[in-house]
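Visitor: Handing over structure_22.txt, compact mmCIF, N, CA and C atoms.
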```
# COMPACT_ATOMS: atom_id res chain seq x y z
N MET A 1288 94.77 117.72 100.77
CA MET A 1288 93.76 116.71 100.48
C MET A 1288 92.60 116.85 101.45
N ALA A 1289 92.93 117.04 102.74
CA ALA A 1289 91.87 117.17 103.74
C ALA A 1289 91.07 118.44 103.50
N ALA A 1290 91.75 119.50 103.11
CA ALA A 1290 91.05 120.75 102.83
C ALA A 1290 90.12 120.58 101.64
N PHE A 1291 90.58 119.84 100.67
CA PHE A 1291 89.76 119.60 99.48
C PHE A 1291 88.48 118.85 99.86
N VAL A 1292 88.63 117.80 100.67
CA VAL A 1292 87.47 117.01 101.08
C VAL A 1292 86.51 117.85 101.90
N ALA A 1293 87.06 118.65 102.81
CA ALA A 1293 86.20 119.50 103.65
C ALA A 1293 85.45 120.51 102.78
N LYS A 1294 86.14 121.08 101.83
CA LYS A 1294 85.51 122.05 100.94
C LYS A 1294 84.38 121.39 100.15
N GLN A 1295 84.60 120.15 99.70
CA GLN A 1295 83.58 119.45 98.95
C GLN A 1295 82.35 119.18 99.80
N MET A 1296 82.59 118.76 101.03
CA MET A 1296 81.46 118.43 101.91
C MET A 1296 80.65 119.69 102.24
N ILE A 1297 81.33 120.74 102.62
CA ILE A 1297 80.65 121.97 103.01
C ILE A 1297 80.05 122.65 101.80
N GLY A 1298 80.76 122.65 100.67
CA GLY A 1298 80.30 123.31 99.47
C GLY A 1298 78.99 122.71 98.97
N ASN A 1299 78.87 121.40 98.98
CA ASN A 1299 77.64 120.75 98.53
C ASN A 1299 76.47 121.10 99.44
N LYS A 1300 76.70 121.15 100.75
CA LYS A 1300 75.62 121.48 101.68
C LYS A 1300 75.20 122.94 101.52
N MET A 1301 76.17 123.80 101.29
CA MET A 1301 75.86 125.23 101.12
C MET A 1301 75.06 125.46 99.85
N SER A 1302 75.40 124.76 98.78
CA SER A 1302 74.67 124.96 97.53
C SER A 1302 73.24 124.43 97.67
N ALA A 1303 73.04 123.39 98.46
CA ALA A 1303 71.70 122.87 98.68
C ALA A 1303 70.86 123.87 99.47
N VAL A 1304 71.47 124.53 100.45
CA VAL A 1304 70.76 125.52 101.26
C VAL A 1304 70.40 126.74 100.40
N LYS A 1305 71.32 127.15 99.55
CA LYS A 1305 71.06 128.30 98.67
C LYS A 1305 69.87 128.02 97.76
N GLY A 1306 69.79 126.83 97.23
CA GLY A 1306 68.70 126.47 96.34
C GLY A 1306 67.38 126.41 97.07
N ALA A 1307 67.39 125.98 98.32
CA ALA A 1307 66.15 125.86 99.09
C ALA A 1307 65.63 127.23 99.51
N VAL A 1308 66.52 128.12 99.88
CA VAL A 1308 66.13 129.45 100.34
C VAL A 1308 65.59 130.25 99.17
N GLY A 1309 66.17 130.04 98.05
CA GLY A 1309 65.73 130.77 96.87
C GLY A 1309 66.83 131.69 96.43
N GLY A 1310 67.06 131.69 95.24
CA GLY A 1310 68.12 132.51 94.68
C GLY A 1310 67.91 132.53 93.20
N ASP A 1311 68.96 132.66 92.48
CA ASP A 1311 68.85 132.64 91.03
C ASP A 1311 68.73 131.20 90.57
N GLY A 1312 67.54 130.73 90.37
CA GLY A 1312 67.29 129.35 89.97
C GLY A 1312 67.63 129.10 88.52
N ASP A 1313 67.49 130.10 87.67
CA ASP A 1313 67.74 129.87 86.25
C ASP A 1313 69.22 129.68 85.94
N ASP A 1314 70.08 130.37 86.64
CA ASP A 1314 71.52 130.30 86.36
C ASP A 1314 72.20 129.22 87.20
N GLY A 1315 71.63 128.86 88.32
CA GLY A 1315 72.25 127.90 89.24
C GLY A 1315 72.38 126.52 88.65
N ASP A 1316 71.44 126.11 87.82
CA ASP A 1316 71.46 124.77 87.25
C ASP A 1316 72.67 124.56 86.34
N GLU A 1317 72.93 125.51 85.47
CA GLU A 1317 74.07 125.39 84.55
C GLU A 1317 75.38 125.46 85.30
N ASN A 1318 75.48 126.38 86.23
CA ASN A 1318 76.71 126.53 87.00
C ASN A 1318 76.95 125.33 87.89
N SER A 1319 75.89 124.76 88.45
CA SER A 1319 76.07 123.63 89.35
C SER A 1319 76.59 122.41 88.59
N LYS A 1320 76.12 122.22 87.36
CA LYS A 1320 76.63 121.09 86.56
C LYS A 1320 78.10 121.28 86.25
N GLU A 1321 78.46 122.50 85.89
CA GLU A 1321 79.87 122.77 85.59
C GLU A 1321 80.73 122.60 86.83
N LYS A 1322 80.21 123.07 87.96
CA LYS A 1322 80.96 122.95 89.21
C LYS A 1322 81.10 121.48 89.61
N GLU A 1323 80.04 120.72 89.42
CA GLU A 1323 80.10 119.29 89.75
C GLU A 1323 81.12 118.57 88.86
N GLU A 1324 81.12 118.91 87.58
CA GLU A 1324 82.09 118.29 86.67
C GLU A 1324 83.51 118.67 87.06
N GLU A 1325 83.71 119.95 87.40
CA GLU A 1325 85.03 120.41 87.82
C GLU A 1325 85.45 119.71 89.12
N ALA A 1326 84.51 119.58 90.05
CA ALA A 1326 84.80 118.91 91.32
C ALA A 1326 85.16 117.45 91.08
N GLU A 1327 84.46 116.81 90.17
CA GLU A 1327 84.75 115.40 89.87
C GLU A 1327 86.14 115.27 89.25
N ARG A 1328 86.47 116.19 88.36
CA ARG A 1328 87.82 116.15 87.75
C ARG A 1328 88.90 116.35 88.82
N GLU A 1329 88.66 117.30 89.73
CA GLU A 1329 89.62 117.53 90.81
C GLU A 1329 89.74 116.31 91.70
N ARG A 1330 88.61 115.67 91.99
CA ARG A 1330 88.63 114.48 92.84
C ARG A 1330 89.42 113.36 92.18
N GLN A 1331 89.18 113.15 90.89
CA GLN A 1331 89.91 112.10 90.16
C GLN A 1331 91.41 112.40 90.14
N GLU A 1332 91.75 113.67 89.95
CA GLU A 1332 93.16 114.07 89.94
C GLU A 1332 93.79 113.83 91.30
N ALA A 1333 93.06 114.16 92.38
CA ALA A 1333 93.58 113.94 93.73
C ALA A 1333 93.79 112.45 93.99
N ILE A 1334 92.86 111.64 93.53
CA ILE A 1334 93.00 110.18 93.71
C ILE A 1334 94.22 109.67 92.96
N ARG A 1335 94.39 110.14 91.73
CA ARG A 1335 95.53 109.71 90.91
C ARG A 1335 96.86 110.12 91.56
N GLU A 1336 96.92 111.36 92.05
CA GLU A 1336 98.14 111.83 92.71
C GLU A 1336 98.44 111.03 93.97
N ALA A 1337 97.42 110.74 94.75
CA ALA A 1337 97.61 109.96 95.98
C ALA A 1337 98.14 108.56 95.64
N GLU A 1338 97.60 107.97 94.58
CA GLU A 1338 98.05 106.64 94.16
C GLU A 1338 99.51 106.68 93.71
N GLU A 1339 99.88 107.72 92.98
CA GLU A 1339 101.27 107.85 92.53
C GLU A 1339 102.21 108.01 93.73
N ARG A 1340 101.82 108.82 94.72
CA ARG A 1340 102.66 109.00 95.91
C ARG A 1340 102.80 107.68 96.67
N ARG A 1341 101.70 106.93 96.77
CA ARG A 1341 101.75 105.65 97.47
C ARG A 1341 102.70 104.69 96.77
N LYS A 1342 102.60 104.61 95.44
CA LYS A 1342 103.48 103.72 94.69
C LYS A 1342 104.94 104.12 94.84
N GLU A 1343 105.22 105.42 94.79
CA GLU A 1343 106.59 105.90 94.93
C GLU A 1343 107.13 105.56 96.33
N LYS A 1344 106.29 105.73 97.35
CA LYS A 1344 106.69 105.42 98.72
C LYS A 1344 107.05 103.95 98.85
N HIS A 1345 106.22 103.08 98.29
CA HIS A 1345 106.49 101.64 98.39
C HIS A 1345 107.72 101.25 97.58
N ARG A 1346 107.94 101.91 96.45
CA ARG A 1346 109.12 101.62 95.65
C ARG A 1346 110.38 101.97 96.44
N LYS A 1347 110.38 103.14 97.11
CA LYS A 1347 111.53 103.55 97.90
C LYS A 1347 111.77 102.59 99.06
N MET A 1348 110.68 102.18 99.73
CA MET A 1348 110.82 101.25 100.85
C MET A 1348 111.42 99.93 100.38
N GLU A 1349 110.98 99.44 99.23
CA GLU A 1349 111.51 98.17 98.71
C GLU A 1349 112.98 98.31 98.34
N GLU A 1350 113.37 99.46 97.80
CA GLU A 1350 114.79 99.69 97.50
C GLU A 1350 115.63 99.65 98.78
N GLU A 1351 115.13 100.30 99.84
CA GLU A 1351 115.85 100.28 101.12
C GLU A 1351 115.95 98.87 101.67
N ARG A 1352 114.89 98.11 101.59
CA ARG A 1352 114.90 96.73 102.07
C ARG A 1352 115.91 95.89 101.29
N GLU A 1353 115.92 96.06 99.98
CA GLU A 1353 116.86 95.29 99.15
C GLU A 1353 118.30 95.68 99.49
N LYS A 1354 118.53 96.95 99.77
CA LYS A 1354 119.87 97.40 100.16
C LYS A 1354 120.29 96.72 101.47
N MET A 1355 119.36 96.67 102.43
CA MET A 1355 119.67 96.01 103.71
C MET A 1355 119.92 94.52 103.50
N ARG A 1356 119.11 93.88 102.66
CA ARG A 1356 119.30 92.45 102.37
C ARG A 1356 120.69 92.21 101.78
N GLN A 1357 121.09 93.08 100.85
CA GLN A 1357 122.38 92.91 100.21
C GLN A 1357 123.52 93.09 101.21
N GLU A 1358 123.37 94.04 102.15
CA GLU A 1358 124.39 94.23 103.18
C GLU A 1358 124.52 92.97 104.04
N ILE A 1359 123.39 92.36 104.38
CA ILE A 1359 123.43 91.13 105.18
C ILE A 1359 124.09 90.01 104.37
N ARG A 1360 123.75 89.90 103.10
CA ARG A 1360 124.38 88.87 102.25
C ARG A 1360 125.89 89.07 102.18
N ASP A 1361 126.30 90.33 102.03
CA ASP A 1361 127.74 90.61 101.95
C ASP A 1361 128.43 90.30 103.27
N LYS A 1362 127.79 90.63 104.39
CA LYS A 1362 128.38 90.42 105.71
C LYS A 1362 128.60 88.94 105.98
N TYR A 1363 127.62 88.11 105.63
CA TYR A 1363 127.71 86.68 105.91
C TYR A 1363 128.10 85.86 104.69
N LYS A 1364 128.47 86.54 103.62
CA LYS A 1364 128.91 85.89 102.39
C LYS A 1364 127.89 84.88 101.87
N ILE A 1365 126.68 85.34 101.74
CA ILE A 1365 125.59 84.52 101.24
C ILE A 1365 125.37 84.88 99.78
N VAL A 1366 125.24 83.85 98.96
CA VAL A 1366 125.00 84.07 97.54
C VAL A 1366 123.50 84.29 97.33
N LYS A 1367 123.19 85.31 96.56
CA LYS A 1367 121.79 85.62 96.29
C LYS A 1367 121.22 84.56 95.37
N LYS A 1368 120.04 84.08 95.72
CA LYS A 1368 119.37 83.09 94.88
C LYS A 1368 118.88 83.76 93.62
N GLU A 1369 118.98 83.02 92.53
CA GLU A 1369 118.44 83.53 91.27
C GLU A 1369 116.93 83.52 91.36
N GLU A 1370 116.31 84.57 90.86
CA GLU A 1370 114.86 84.64 90.89
C GLU A 1370 114.29 83.62 89.92
N ILE A 1371 113.34 82.87 90.41
CA ILE A 1371 112.70 81.85 89.59
C ILE A 1371 111.69 82.54 88.68
N VAL A 1372 111.79 82.23 87.41
CA VAL A 1372 110.86 82.81 86.46
C VAL A 1372 109.50 82.17 86.71
N GLU A 1373 108.50 83.03 86.89
CA GLU A 1373 107.17 82.51 87.18
C GLU A 1373 106.61 81.78 85.97
N GLN A 1374 106.10 80.61 86.25
CA GLN A 1374 105.46 79.87 85.18
C GLN A 1374 104.05 80.41 85.01
N ALA A 1375 103.53 80.19 83.83
CA ALA A 1375 102.18 80.68 83.56
C ALA A 1375 101.21 80.01 84.53
N PRO A 1376 100.41 80.80 85.23
CA PRO A 1376 99.46 80.20 86.17
C PRO A 1376 98.39 79.43 85.40
N PRO A 1377 97.85 78.40 86.03
CA PRO A 1377 96.80 77.65 85.33
C PRO A 1377 95.61 78.55 85.06
N GLU A 1378 94.94 78.26 83.97
CA GLU A 1378 93.81 79.09 83.60
C GLU A 1378 92.69 78.92 84.63
N PRO A 1379 92.09 80.01 85.04
CA PRO A 1379 91.02 79.91 86.04
C PRO A 1379 89.79 79.22 85.46
N ASP A 1380 88.96 78.74 86.37
CA ASP A 1380 87.74 78.06 85.95
C ASP A 1380 86.80 79.01 85.24
N ASN A 1381 86.82 80.27 85.66
CA ASN A 1381 85.93 81.26 85.06
C ASN A 1381 86.53 81.73 83.74
N PRO A 1382 85.86 81.52 82.61
CA PRO A 1382 86.44 81.92 81.33
C PRO A 1382 86.57 83.44 81.18
N LEU A 1383 85.84 84.20 81.97
CA LEU A 1383 85.94 85.66 81.89
C LEU A 1383 87.23 86.16 82.51
N MET A 1384 87.86 85.35 83.36
CA MET A 1384 89.07 85.78 84.05
C MET A 1384 90.34 85.27 83.38
N ARG A 1385 90.23 84.58 82.27
CA ARG A 1385 91.42 84.02 81.63
C ARG A 1385 92.22 85.13 80.95
N LYS A 1386 93.48 84.82 80.70
CA LYS A 1386 94.37 85.77 80.06
C LYS A 1386 93.98 85.92 78.59
N LYS A 1387 93.98 87.14 78.10
CA LYS A 1387 93.64 87.38 76.71
C LYS A 1387 94.79 86.91 75.82
N LYS A 1388 94.45 86.38 74.66
CA LYS A 1388 95.46 85.89 73.73
C LYS A 1388 96.00 87.05 72.91
N THR A 1389 97.29 86.98 72.63
CA THR A 1389 97.92 88.01 71.81
C THR A 1389 97.59 87.75 70.35
N PRO A 1390 97.74 88.74 69.48
CA PRO A 1390 97.49 88.53 68.06
C PRO A 1390 98.37 87.43 67.47
N GLU A 1391 99.61 87.30 67.97
CA GLU A 1391 100.49 86.24 67.48
C GLU A 1391 99.92 84.86 67.81
N GLU A 1392 99.41 84.71 69.05
CA GLU A 1392 98.83 83.43 69.44
C GLU A 1392 97.59 83.11 68.61
N LEU A 1393 96.77 84.12 68.37
CA LEU A 1393 95.57 83.90 67.56
C LEU A 1393 95.94 83.49 66.13
N ALA A 1394 96.96 84.15 65.56
CA ALA A 1394 97.39 83.82 64.20
C ALA A 1394 97.94 82.40 64.15
N ARG A 1395 98.73 82.01 65.16
CA ARG A 1395 99.30 80.66 65.20
C ARG A 1395 98.19 79.61 65.29
N GLU A 1396 97.18 79.87 66.12
CA GLU A 1396 96.08 78.91 66.24
C GLU A 1396 95.30 78.79 64.94
N ALA A 1397 95.09 79.92 64.28
CA ALA A 1397 94.38 79.88 62.99
C ALA A 1397 95.19 79.09 61.96
N GLU A 1398 96.50 79.28 61.98
CA GLU A 1398 97.37 78.55 61.04
C GLU A 1398 97.33 77.05 61.33
N GLU A 1399 97.34 76.69 62.61
CA GLU A 1399 97.27 75.27 62.98
C GLU A 1399 95.94 74.67 62.55
N ALA A 1400 94.86 75.42 62.73
CA ALA A 1400 93.54 74.92 62.32
C ALA A 1400 93.51 74.73 60.81
N GLU A 1401 94.08 75.69 60.09
CA GLU A 1401 94.13 75.57 58.63
C GLU A 1401 94.98 74.38 58.23
N LEU A 1402 96.10 74.21 58.91
CA LEU A 1402 96.98 73.08 58.62
C LEU A 1402 96.25 71.77 58.91
N ASP A 1403 95.49 71.74 59.98
CA ASP A 1403 94.74 70.54 60.31
C ASP A 1403 93.72 70.20 59.22
N ASP A 1404 93.03 71.22 58.72
CA ASP A 1404 92.06 70.99 57.64
C ASP A 1404 92.77 70.46 56.40
N PHE A 1405 93.91 71.03 56.08
CA PHE A 1405 94.68 70.59 54.92
C PHE A 1405 95.15 69.15 55.11
N THR A 1406 95.62 68.83 56.31
CA THR A 1406 96.08 67.47 56.60
C THR A 1406 94.93 66.47 56.48
N LYS A 1407 93.76 66.83 56.98
CA LYS A 1407 92.60 65.94 56.88
C LYS A 1407 92.24 65.69 55.42
N LEU A 1408 92.25 66.75 54.63
CA LEU A 1408 91.93 66.62 53.21
C LEU A 1408 92.96 65.73 52.51
N LYS A 1409 94.21 65.95 52.82
CA LYS A 1409 95.29 65.16 52.22
C LYS A 1409 95.12 63.68 52.57
N ASN A 1410 94.85 63.40 53.83
CA ASN A 1410 94.69 62.01 54.26
C ASN A 1410 93.49 61.35 53.60
N SER A 1411 92.39 62.09 53.46
CA SER A 1411 91.21 61.51 52.83
C SER A 1411 91.49 61.21 51.35
N ILE A 1412 92.21 62.09 50.67
CA ILE A 1412 92.55 61.85 49.26
C ILE A 1412 93.47 60.64 49.15
N GLU A 1413 94.44 60.52 50.05
CA GLU A 1413 95.36 59.38 50.01
C GLU A 1413 94.61 58.07 50.22
N THR A 1414 93.65 58.05 51.14
CA THR A 1414 92.90 56.81 51.37
C THR A 1414 92.06 56.45 50.14
N GLN A 1415 91.46 57.45 49.50
CA GLN A 1415 90.68 57.18 48.29
C GLN A 1415 91.58 56.63 47.17
N VAL A 1416 92.76 57.21 47.00
CA VAL A 1416 93.70 56.74 45.97
C VAL A 1416 94.11 55.30 46.28
N ASN A 1417 94.38 55.00 47.52
CA ASN A 1417 94.77 53.64 47.89
C ASN A 1417 93.65 52.64 47.64
N GLU A 1418 92.41 53.03 47.93
CA GLU A 1418 91.26 52.15 47.66
C GLU A 1418 91.13 51.87 46.17
N ILE A 1419 91.24 52.89 45.37
CA ILE A 1419 91.14 52.72 43.91
C ILE A 1419 92.30 51.84 43.42
N LYS A 1420 93.46 52.05 43.97
CA LYS A 1420 94.64 51.27 43.58
C LYS A 1420 94.43 49.79 43.92
N THR A 1421 93.90 49.49 45.08
CA THR A 1421 93.66 48.10 45.45
C THR A 1421 92.58 47.47 44.59
N GLN A 1422 91.55 48.26 44.25
CA GLN A 1422 90.51 47.72 43.35
C GLN A 1422 91.09 47.37 41.99
N ILE A 1423 91.92 48.24 41.46
CA ILE A 1423 92.53 47.99 40.14
C ILE A 1423 93.46 46.81 40.20
N GLU A 1424 94.25 46.67 41.25
CA GLU A 1424 95.16 45.56 41.38
C GLU A 1424 94.40 44.24 41.53
N SER A 1425 93.26 44.29 42.21
CA SER A 1425 92.51 43.04 42.37
C SER A 1425 91.90 42.59 41.04
N LYS A 1426 91.54 43.49 40.16
CA LYS A 1426 90.96 43.14 38.88
C LYS A 1426 92.02 42.73 37.85
N CYS A 1427 93.19 43.31 37.99
CA CYS A 1427 94.26 42.97 37.05
C CYS A 1427 95.17 41.94 37.71
N VAL A 1428 95.10 40.75 37.22
CA VAL A 1428 95.94 39.71 37.77
C VAL A 1428 97.02 39.42 36.75
N LEU A 1429 98.24 39.45 37.17
CA LEU A 1429 99.35 39.16 36.29
C LEU A 1429 99.55 37.67 36.18
N GLN A 1430 99.78 37.20 34.96
CA GLN A 1430 99.97 35.77 34.76
C GLN A 1430 101.37 35.43 34.45
```
Show me this structure written as structure tokens.

Guide:
Amino acid sequence: MAAFVAKQMIGNKMSAVKGAVGGDGDDGDENSKEKEEEAERERQEAIREAEERRKEKHRKMEEEREKMRQEIRDKYKIVKKEEIVEQAPPEPDNPLMRKKKTPEELAREAEEAELDDFTKLKNSIETQVNEIKTQIESKCVLQ
């Protein structure tokens, strides 16, 4: 990794000096773009590999810690606490940071909204029928 970084630093300075002194200017532009793209790909790959090594290292350390914890629990006969299932955190004030809804949640909300519209329509029809019924009953008096 260190060799790669050193090569990148020195390589960029050397290419700048070559361009200033004069050389093949017509071919250098195309090659430099390709070299820069290749260098960027290598850099991204190096970053990804370093991140994977870091994650693996931390995973191994956590396994060792858990093994030590279990040995202590066994030695002192301590019962391991059940892990508490995390409850959904409250939605942040910033709407851009909220959790995205799953397609199932979106479908359920749409169904509820549709059901609400249907319920409103049903209730309005029932009230109209009741009003008409009361008007008819008031006009028809049984003797």

Visitor: To one decimal place, how far is atom N of Glu1327 in chain A from atom C of Phe1291 in chain A in Å?

Guide: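 That distance, rounded to one decimal, is 10.7 Å.
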
Visitor: Please put the answer as lines of an AutoDock Vina configuration file: centre and edge lengths, in Å with one decimal, of a box along x, y and z that encloses all listed atoms of range 1385-1393 of chain A plus 8 Å on each side.

Guide:
```
center_x = 95.4
center_y = 85.9
center_z = 74.2
size_x = 26.3
size_y = 21.6
size_z = 32.1
```

Visitor: Separation of atom C of Val1366 in chain A and atom C of Arg1346 in chain A, in Å?

Guide: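 Going from atom C of Val1366 in chain A over to atom C of Arg1346 in chain A, I get 22.0 Å.
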
Visitor: So the first atom is CA of Ala1289 in chain A and the second is CA of Glu1317 in chain A; what is the distance between them in Å, to one decimal place?

Guide: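 About the pair CA of Ala1289 in chain A and CA of Glu1317 in chain A: they are 27.4 Å apart.
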